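Note: the block below is structure.txt and it holds compact mmCIF, N, CA and C atoms.
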# COMPACT_ATOMS: atom_id res chain seq x y z
N MET A 265 94.67 106.55 87.83
CA MET A 265 95.52 106.90 88.96
C MET A 265 95.53 108.42 89.07
N ASN A 266 95.39 108.95 90.28
CA ASN A 266 95.34 110.40 90.41
C ASN A 266 96.73 111.01 90.31
N GLN A 267 96.77 112.29 90.08
CA GLN A 267 98.03 113.00 89.88
C GLN A 267 98.95 112.93 91.08
N SER A 268 98.42 112.94 92.30
CA SER A 268 99.28 112.96 93.47
C SER A 268 100.12 111.70 93.57
N HIS A 269 99.62 110.59 93.07
CA HIS A 269 100.37 109.34 93.15
C HIS A 269 101.17 109.07 91.88
N ALA A 270 100.79 109.66 90.75
CA ALA A 270 101.39 109.32 89.47
C ALA A 270 102.90 109.53 89.43
N GLY A 271 103.40 110.68 89.87
CA GLY A 271 104.83 110.94 89.81
C GLY A 271 105.62 110.07 90.76
N ILE A 272 105.05 109.79 91.90
CA ILE A 272 105.72 108.97 92.90
C ILE A 272 105.90 107.55 92.40
N ILE A 273 104.94 107.05 91.65
CA ILE A 273 105.01 105.66 91.20
C ILE A 273 106.24 105.42 90.34
N THR A 274 106.65 106.39 89.56
CA THR A 274 107.77 106.15 88.67
C THR A 274 109.05 105.85 89.44
N THR A 275 109.26 106.44 90.60
CA THR A 275 110.47 106.17 91.36
C THR A 275 110.25 105.16 92.46
N MET A 276 109.02 104.96 92.88
CA MET A 276 108.74 104.03 93.96
C MET A 276 108.40 102.64 93.46
N GLY A 277 108.43 102.46 92.17
CA GLY A 277 108.04 101.16 91.67
C GLY A 277 106.56 100.98 91.85
N LYS A 278 106.16 99.88 92.41
CA LYS A 278 104.73 99.58 92.55
C LYS A 278 104.27 99.74 93.99
N ILE A 279 104.86 100.64 94.74
CA ILE A 279 104.42 100.83 96.12
C ILE A 279 102.98 101.31 96.18
N PHE A 280 102.56 102.11 95.21
CA PHE A 280 101.17 102.52 95.11
C PHE A 280 100.52 101.70 94.02
N ILE A 281 99.74 100.73 94.42
CA ILE A 281 99.07 99.86 93.47
C ILE A 281 97.83 100.55 92.91
N ASN A 282 97.23 101.43 93.71
CA ASN A 282 96.02 102.12 93.27
C ASN A 282 95.91 103.47 93.98
N ASP A 283 94.87 104.21 93.63
CA ASP A 283 94.67 105.55 94.19
C ASP A 283 94.37 105.54 95.68
N ASN A 284 93.93 104.43 96.20
CA ASN A 284 93.56 104.33 97.61
C ASN A 284 94.59 103.57 98.44
N GLN A 285 95.82 103.54 97.99
CA GLN A 285 96.84 102.71 98.64
C GLN A 285 97.04 103.08 100.11
N ILE A 286 97.15 104.37 100.40
CA ILE A 286 97.37 104.77 101.79
C ILE A 286 96.18 104.36 102.66
N GLN A 287 94.97 104.58 102.16
CA GLN A 287 93.79 104.17 102.92
C GLN A 287 93.79 102.66 103.15
N GLU A 288 94.21 101.90 102.16
CA GLU A 288 94.27 100.44 102.32
C GLU A 288 95.30 100.03 103.36
N TRP A 289 96.44 100.71 103.39
CA TRP A 289 97.45 100.41 104.41
C TRP A 289 96.89 100.69 105.81
N VAL A 290 96.18 101.80 105.95
CA VAL A 290 95.59 102.14 107.25
C VAL A 290 94.55 101.09 107.64
N GLN A 291 93.72 100.69 106.71
CA GLN A 291 92.71 99.65 107.00
C GLN A 291 93.39 98.33 107.38
N THR A 292 94.45 97.99 106.67
CA THR A 292 95.21 96.78 107.01
C THR A 292 95.75 96.89 108.42
N ALA A 293 96.29 98.04 108.76
CA ALA A 293 96.84 98.26 110.10
C ALA A 293 95.75 98.13 111.16
N GLU A 294 94.56 98.62 110.87
CA GLU A 294 93.45 98.47 111.82
C GLU A 294 93.13 96.99 112.05
N GLY A 295 93.17 96.20 111.00
CA GLY A 295 92.96 94.76 111.13
C GLY A 295 94.08 94.09 111.92
N ILE A 296 95.31 94.50 111.66
CA ILE A 296 96.45 93.98 112.42
C ILE A 296 96.28 94.32 113.89
N SER A 297 95.84 95.54 114.16
CA SER A 297 95.64 95.97 115.54
C SER A 297 94.62 95.08 116.25
N GLU A 298 93.55 94.76 115.58
CA GLU A 298 92.53 93.90 116.16
C GLU A 298 93.05 92.49 116.42
N ASP A 299 93.86 91.97 115.49
CA ASP A 299 94.33 90.59 115.58
C ASP A 299 95.61 90.42 116.40
N PHE A 300 96.51 91.42 116.32
CA PHE A 300 97.84 91.25 116.93
C PHE A 300 98.26 92.39 117.85
N GLY A 301 97.45 93.42 117.97
CA GLY A 301 97.75 94.53 118.86
C GLY A 301 98.21 95.78 118.12
N THR A 302 98.07 96.89 118.81
CA THR A 302 98.38 98.19 118.23
C THR A 302 99.85 98.35 117.90
N ASP A 303 100.74 97.85 118.76
CA ASP A 303 102.16 97.99 118.49
C ASP A 303 102.54 97.36 117.16
N LYS A 304 102.08 96.15 116.92
CA LYS A 304 102.36 95.45 115.66
C LYS A 304 101.78 96.23 114.48
N ALA A 305 100.58 96.76 114.66
CA ALA A 305 99.93 97.53 113.59
C ALA A 305 100.72 98.79 113.25
N LEU A 306 101.19 99.50 114.27
CA LEU A 306 101.94 100.73 114.02
C LEU A 306 103.34 100.44 113.49
N ARG A 307 103.91 99.31 113.86
CA ARG A 307 105.20 98.92 113.26
C ARG A 307 105.04 98.69 111.76
N TYR A 308 103.92 98.11 111.37
CA TYR A 308 103.62 97.91 109.95
C TYR A 308 103.36 99.26 109.27
N LEU A 309 102.43 100.03 109.84
CA LEU A 309 101.97 101.24 109.18
C LEU A 309 103.00 102.37 109.19
N ILE A 310 103.51 102.69 110.37
CA ILE A 310 104.45 103.80 110.49
C ILE A 310 105.89 103.34 110.24
N GLY A 311 106.27 102.25 110.88
CA GLY A 311 107.66 101.79 110.80
C GLY A 311 108.07 101.26 109.44
N GLU A 312 107.10 100.75 108.68
CA GLU A 312 107.42 100.26 107.34
C GLU A 312 106.90 101.20 106.25
N LYS A 313 105.60 101.34 106.15
CA LYS A 313 105.00 102.08 105.03
C LYS A 313 105.30 103.58 105.09
N PHE A 314 105.02 104.21 106.23
CA PHE A 314 105.26 105.64 106.37
C PHE A 314 106.76 105.94 106.24
N CYS A 315 107.57 105.10 106.89
CA CYS A 315 109.02 105.27 106.83
C CYS A 315 109.53 105.22 105.39
N ARG A 316 108.98 104.32 104.60
CA ARG A 316 109.40 104.19 103.20
C ARG A 316 109.10 105.48 102.44
N LEU A 317 107.96 106.06 102.69
CA LEU A 317 107.61 107.30 102.00
C LEU A 317 108.49 108.47 102.45
N VAL A 318 108.83 108.52 103.73
CA VAL A 318 109.77 109.55 104.21
C VAL A 318 111.14 109.34 103.57
N SER A 319 111.55 108.10 103.42
CA SER A 319 112.82 107.79 102.77
C SER A 319 112.82 108.28 101.32
N ILE A 320 111.70 108.11 100.64
CA ILE A 320 111.58 108.59 99.26
C ILE A 320 111.65 110.11 99.23
N LEU A 321 111.06 110.76 100.21
CA LEU A 321 111.17 112.22 100.31
C LEU A 321 112.63 112.63 100.45
N HIS A 322 113.37 111.94 101.31
CA HIS A 322 114.79 112.24 101.49
C HIS A 322 115.55 112.05 100.19
N ASP A 323 115.27 110.97 99.47
CA ASP A 323 115.95 110.72 98.20
C ASP A 323 115.64 111.82 97.19
N ALA A 324 114.38 112.24 97.12
CA ALA A 324 113.99 113.29 96.18
C ALA A 324 114.70 114.60 96.49
N ARG A 325 114.78 114.93 97.78
CA ARG A 325 115.49 116.15 98.17
C ARG A 325 116.97 116.05 97.83
N LYS A 326 117.55 114.90 98.09
CA LYS A 326 118.98 114.69 97.81
C LYS A 326 119.27 114.83 96.31
N GLN A 327 118.33 114.37 95.49
CA GLN A 327 118.51 114.45 94.04
C GLN A 327 118.05 115.79 93.47
N GLY A 328 117.52 116.65 94.32
CA GLY A 328 117.06 117.96 93.87
C GLY A 328 115.78 117.91 93.06
N ASP A 329 115.00 116.85 93.21
CA ASP A 329 113.74 116.70 92.48
C ASP A 329 112.62 117.35 93.29
N LYS A 330 112.43 118.64 93.06
CA LYS A 330 111.46 119.41 93.84
C LYS A 330 110.02 118.94 93.63
N GLU A 331 109.69 118.54 92.41
CA GLU A 331 108.33 118.08 92.12
C GLU A 331 108.03 116.79 92.89
N GLU A 332 108.93 115.85 92.84
CA GLU A 332 108.71 114.59 93.56
C GLU A 332 108.69 114.82 95.07
N ALA A 333 109.56 115.70 95.55
CA ALA A 333 109.58 116.01 96.98
C ALA A 333 108.24 116.61 97.41
N ALA A 334 107.71 117.51 96.60
CA ALA A 334 106.42 118.13 96.92
C ALA A 334 105.29 117.09 96.92
N GLN A 335 105.33 116.18 95.96
CA GLN A 335 104.31 115.12 95.91
C GLN A 335 104.43 114.21 97.13
N ALA A 336 105.66 113.85 97.49
CA ALA A 336 105.86 112.99 98.66
C ALA A 336 105.38 113.69 99.93
N GLU A 337 105.67 114.98 100.07
CA GLU A 337 105.21 115.73 101.24
C GLU A 337 103.69 115.76 101.32
N LYS A 338 103.04 115.96 100.18
CA LYS A 338 101.58 115.97 100.15
C LYS A 338 101.03 114.61 100.60
N LEU A 339 101.61 113.53 100.10
CA LEU A 339 101.17 112.19 100.48
C LEU A 339 101.44 111.92 101.95
N LEU A 340 102.56 112.41 102.46
CA LEU A 340 102.88 112.22 103.88
C LEU A 340 101.87 112.93 104.78
N LEU A 341 101.43 114.10 104.37
CA LEU A 341 100.40 114.82 105.15
C LEU A 341 99.09 114.05 105.15
N GLU A 342 98.72 113.50 104.00
CA GLU A 342 97.51 112.68 103.90
C GLU A 342 97.67 111.43 104.78
N PHE A 343 98.82 110.80 104.68
CA PHE A 343 99.12 109.59 105.44
C PHE A 343 99.04 109.86 106.94
N THR A 344 99.63 110.97 107.37
CA THR A 344 99.60 111.35 108.78
C THR A 344 98.17 111.53 109.26
N ALA A 345 97.37 112.26 108.50
CA ALA A 345 95.98 112.53 108.89
C ALA A 345 95.18 111.23 109.02
N LEU A 346 95.34 110.34 108.05
CA LEU A 346 94.60 109.07 108.09
C LEU A 346 95.05 108.21 109.28
N THR A 347 96.33 108.23 109.57
CA THR A 347 96.85 107.45 110.70
C THR A 347 96.33 108.02 112.01
N LYS A 348 96.31 109.35 112.14
CA LYS A 348 95.79 109.97 113.36
C LYS A 348 94.29 109.72 113.53
N ASP A 349 93.57 109.57 112.42
CA ASP A 349 92.14 109.25 112.51
C ASP A 349 91.92 107.82 112.97
N ALA A 350 92.83 106.93 112.61
CA ALA A 350 92.66 105.50 112.90
C ALA A 350 93.19 105.09 114.27
N PHE A 351 94.20 105.83 114.79
CA PHE A 351 94.84 105.45 116.04
C PHE A 351 94.85 106.65 116.99
N GLU A 352 94.80 106.34 118.27
CA GLU A 352 94.82 107.38 119.30
C GLU A 352 96.21 108.03 119.35
N SER A 353 96.24 109.31 119.68
CA SER A 353 97.52 110.03 119.72
C SER A 353 98.48 109.40 120.73
N HIS A 354 97.97 108.92 121.87
CA HIS A 354 98.86 108.30 122.85
C HIS A 354 99.45 106.99 122.31
N GLN A 355 98.72 106.27 121.46
CA GLN A 355 99.25 105.04 120.87
C GLN A 355 100.40 105.36 119.91
N ILE A 356 100.22 106.39 119.13
CA ILE A 356 101.26 106.80 118.18
C ILE A 356 102.49 107.29 118.95
N ARG A 357 102.27 108.10 119.97
CA ARG A 357 103.38 108.60 120.80
C ARG A 357 104.13 107.43 121.44
N GLU A 358 103.41 106.47 122.01
CA GLU A 358 104.04 105.31 122.64
C GLU A 358 104.83 104.49 121.64
N TYR A 359 104.32 104.38 120.42
CA TYR A 359 105.07 103.68 119.37
C TYR A 359 106.43 104.35 119.16
N PHE A 360 106.42 105.66 118.98
CA PHE A 360 107.68 106.36 118.75
C PHE A 360 108.61 106.29 119.97
N GLN A 361 108.06 106.35 121.16
CA GLN A 361 108.87 106.29 122.38
C GLN A 361 109.48 104.91 122.61
N SER A 362 108.98 103.90 121.90
CA SER A 362 109.52 102.54 122.05
C SER A 362 110.82 102.35 121.28
N HIS A 363 111.28 103.39 120.59
CA HIS A 363 112.50 103.33 119.77
C HIS A 363 112.44 102.16 118.79
N PRO A 364 111.43 102.19 117.91
CA PRO A 364 111.21 101.06 117.00
C PRO A 364 112.30 100.94 115.94
N ARG A 365 112.47 99.73 115.47
CA ARG A 365 113.35 99.48 114.33
C ARG A 365 112.53 99.83 113.08
N LEU A 366 113.13 100.50 112.14
CA LEU A 366 112.43 100.96 110.95
C LEU A 366 112.56 99.96 109.80
N GLY A 367 111.66 100.09 108.85
CA GLY A 367 111.70 99.26 107.66
C GLY A 367 110.90 97.99 107.80
N VAL A 368 110.88 97.22 106.74
CA VAL A 368 110.08 96.02 106.69
C VAL A 368 110.46 95.02 107.79
N HIS A 369 111.71 94.94 108.14
CA HIS A 369 112.13 93.98 109.15
C HIS A 369 111.75 94.42 110.56
N GLY A 370 111.34 95.66 110.70
CA GLY A 370 110.96 96.17 112.00
C GLY A 370 109.73 95.50 112.58
N HIS A 371 108.89 94.97 111.74
CA HIS A 371 107.68 94.34 112.27
C HIS A 371 107.59 92.85 111.96
N ILE A 372 108.51 92.32 111.17
CA ILE A 372 108.40 90.90 110.86
C ILE A 372 109.53 90.06 111.45
N ALA A 373 110.60 90.70 111.88
CA ALA A 373 111.75 89.95 112.40
C ALA A 373 111.94 90.23 113.89
N SER A 374 112.26 89.20 114.64
CA SER A 374 112.61 89.38 116.04
C SER A 374 113.99 90.02 116.12
N GLU A 375 114.39 90.42 117.31
CA GLU A 375 115.73 91.00 117.48
C GLU A 375 116.80 90.02 117.02
N GLU A 376 116.63 88.75 117.36
CA GLU A 376 117.61 87.72 116.99
C GLU A 376 117.65 87.52 115.48
N GLN A 377 116.48 87.48 114.85
CA GLN A 377 116.43 87.33 113.39
C GLN A 377 117.05 88.53 112.70
N HIS A 378 116.77 89.72 113.21
CA HIS A 378 117.34 90.93 112.61
C HIS A 378 118.86 90.92 112.75
N ALA A 379 119.35 90.57 113.93
CA ALA A 379 120.80 90.50 114.15
C ALA A 379 121.44 89.49 113.21
N PHE A 380 120.79 88.37 113.00
CA PHE A 380 121.29 87.35 112.08
C PHE A 380 121.36 87.90 110.66
N LEU A 381 120.32 88.59 110.21
CA LEU A 381 120.31 89.16 108.86
C LEU A 381 121.41 90.20 108.68
N VAL A 382 121.65 91.00 109.71
CA VAL A 382 122.74 91.98 109.66
C VAL A 382 124.08 91.25 109.58
N GLU A 383 124.25 90.26 110.44
CA GLU A 383 125.49 89.48 110.48
C GLU A 383 125.79 88.82 109.14
N GLN A 384 124.75 88.35 108.47
CA GLN A 384 124.92 87.66 107.18
C GLN A 384 125.02 88.62 106.00
N GLY A 385 124.88 89.91 106.27
CA GLY A 385 124.99 90.91 105.21
C GLY A 385 123.71 91.11 104.42
N ALA A 386 122.61 90.52 104.86
CA ALA A 386 121.34 90.68 104.16
C ALA A 386 120.72 92.06 104.42
N ILE A 387 121.07 92.65 105.55
CA ILE A 387 120.63 94.00 105.89
C ILE A 387 121.88 94.82 106.15
N GLU A 388 121.98 95.94 105.44
CA GLU A 388 123.13 96.81 105.66
C GLU A 388 122.98 97.52 107.00
N HIS A 389 124.04 97.50 107.76
CA HIS A 389 124.05 98.18 109.05
C HIS A 389 125.42 98.84 109.22
N SER A 390 125.42 100.16 109.10
CA SER A 390 126.67 100.92 109.20
C SER A 390 126.36 102.26 109.86
N ILE A 391 127.39 103.02 110.11
CA ILE A 391 127.18 104.35 110.67
C ILE A 391 126.34 105.19 109.72
N ASP A 392 126.53 105.00 108.40
CA ASP A 392 125.73 105.74 107.42
C ASP A 392 124.26 105.38 107.49
N THR A 393 123.96 104.08 107.62
CA THR A 393 122.55 103.68 107.71
C THR A 393 121.94 104.14 109.03
N GLU A 394 122.73 104.14 110.09
CA GLU A 394 122.24 104.62 111.39
C GLU A 394 121.91 106.11 111.33
N LEU A 395 122.78 106.89 110.69
CA LEU A 395 122.54 108.33 110.56
C LEU A 395 121.30 108.61 109.70
N LEU A 396 121.18 107.90 108.60
CA LEU A 396 120.02 108.08 107.73
C LEU A 396 118.74 107.71 108.48
N ASP A 397 118.76 106.59 109.20
CA ASP A 397 117.58 106.20 109.99
C ASP A 397 117.23 107.27 111.03
N ALA A 398 118.24 107.87 111.64
CA ALA A 398 117.99 108.92 112.64
C ALA A 398 117.33 110.14 111.98
N LEU A 399 117.80 110.52 110.80
CA LEU A 399 117.20 111.65 110.09
C LEU A 399 115.76 111.34 109.68
N ILE A 400 115.54 110.15 109.18
CA ILE A 400 114.20 109.75 108.77
C ILE A 400 113.28 109.70 110.00
N PHE A 401 113.76 109.13 111.08
CA PHE A 401 112.98 109.05 112.31
C PHE A 401 112.61 110.46 112.80
N GLY A 402 113.56 111.37 112.74
CA GLY A 402 113.29 112.76 113.14
C GLY A 402 112.20 113.39 112.30
N ASP A 403 112.22 113.15 110.99
CA ASP A 403 111.17 113.67 110.12
C ASP A 403 109.83 113.02 110.43
N MET A 404 109.85 111.73 110.72
CA MET A 404 108.61 111.03 111.07
C MET A 404 107.98 111.66 112.30
N LEU A 405 108.80 111.96 113.30
CA LEU A 405 108.31 112.61 114.50
C LEU A 405 107.66 113.96 114.18
N LYS A 406 108.30 114.72 113.31
CA LYS A 406 107.78 116.04 112.94
C LYS A 406 106.40 115.94 112.30
N TYR A 407 106.22 114.99 111.40
CA TYR A 407 104.91 114.85 110.74
C TYR A 407 103.82 114.55 111.75
N PHE A 408 104.15 113.81 112.80
CA PHE A 408 103.15 113.47 113.80
C PHE A 408 103.10 114.46 114.96
N GLY A 409 103.92 115.52 114.88
CA GLY A 409 103.91 116.56 115.89
C GLY A 409 104.44 116.09 117.24
N ILE A 410 105.40 115.18 117.20
CA ILE A 410 105.98 114.65 118.42
C ILE A 410 107.40 115.17 118.53
N SER A 411 107.75 115.70 119.71
CA SER A 411 109.12 116.20 119.89
C SER A 411 110.00 115.06 120.39
N ALA A 412 111.26 115.15 120.02
CA ALA A 412 112.21 114.07 120.34
C ALA A 412 112.56 114.01 121.79

Represent the structure contained in this file as structure tokens.
Amino acid sequence: MNQSHAGIITTMGKIFINDNQIQEWVQTAEGISEDFGTDKALRYLIGEKFCRLVSILHDARKQGDKEEAAQAEKLLLEFTALTKDAFESHQIREYFQSHPRLGVHGHIASEEQHAFLVEQGAIEHSIDTELLDALIFGDMLKYFGISA
């Protein structure tokens, strides 16, 4: 495992299975795009995977872990470049303009299913989670060079 992923793995669990994890996510998204459309692919790639890494960056900053924050930033730059190579800039912009729901449920649950999960307490939904999502979304926009 290369150094750029090694430190992140300790706090991210097994999000990085191998040195090529980001490339594999992008390739998976390309396959999703072919089978189910670009929107679904970007919800998987940006709304789930990229969002998770931005969330880890936020956690590292909050904990004052400068080394982990620097590693996460480096990975986010790599992730952004690979995503921009795989998808057209207008597709990425349209994804963000659609006001997507973030996280794993953003691409696998319908609005009704998501509302049900929130209602049942399976997904936390509070002013705090809304604020955190807004901050994460803002950072996601910055990495892709999109203004709010």

Coordinates-based distance that separates CA of Ala379 (chain A) from CA of Ile391 (chain A) (Å, one decimal)
15.6 Å

What does the structure give for the distance between atom C of Asp403 (chain A) and CA of Phe380 (chain A), in Å to one decimal?
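Computing the Euclidean distance for atom C of Asp403 (chain A) and CA of Phe380 (chain A) yields 28.2 Å.
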
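Comparing A:Glu358, A:Glu394, A:Glu337, A:Glu375 by their smallest distance to Leu317 (chain A), the closest is A:Glu337 (using only N, CA and C atoms).
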
Between atom N of Ile286 (chain A) and atom N of Ala334 (chain A), what is the distance, to one decimal in Å?
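The value is 17.3 Å.
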
Write out as a PyMOL selection string the residues lying within 8 Å of Ala350 (chain A), counting all atoms listed in the file and excluding same-chain residues fewer than 3 positions away.
chain A and resi 290-291+294+344-347+353

Of the residues A:Lys348, A:Lys304, A:Ile400, A:Thr292, which is the one nearest to Leu321 (chain A), using only C-alpha atoms?
A:Ile400

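Closest approach to Glu312 (chain A) among A:Gly385, A:Asp349, A:Gly402, A:Gly367: A:Gly367, based on only C-alpha atoms.
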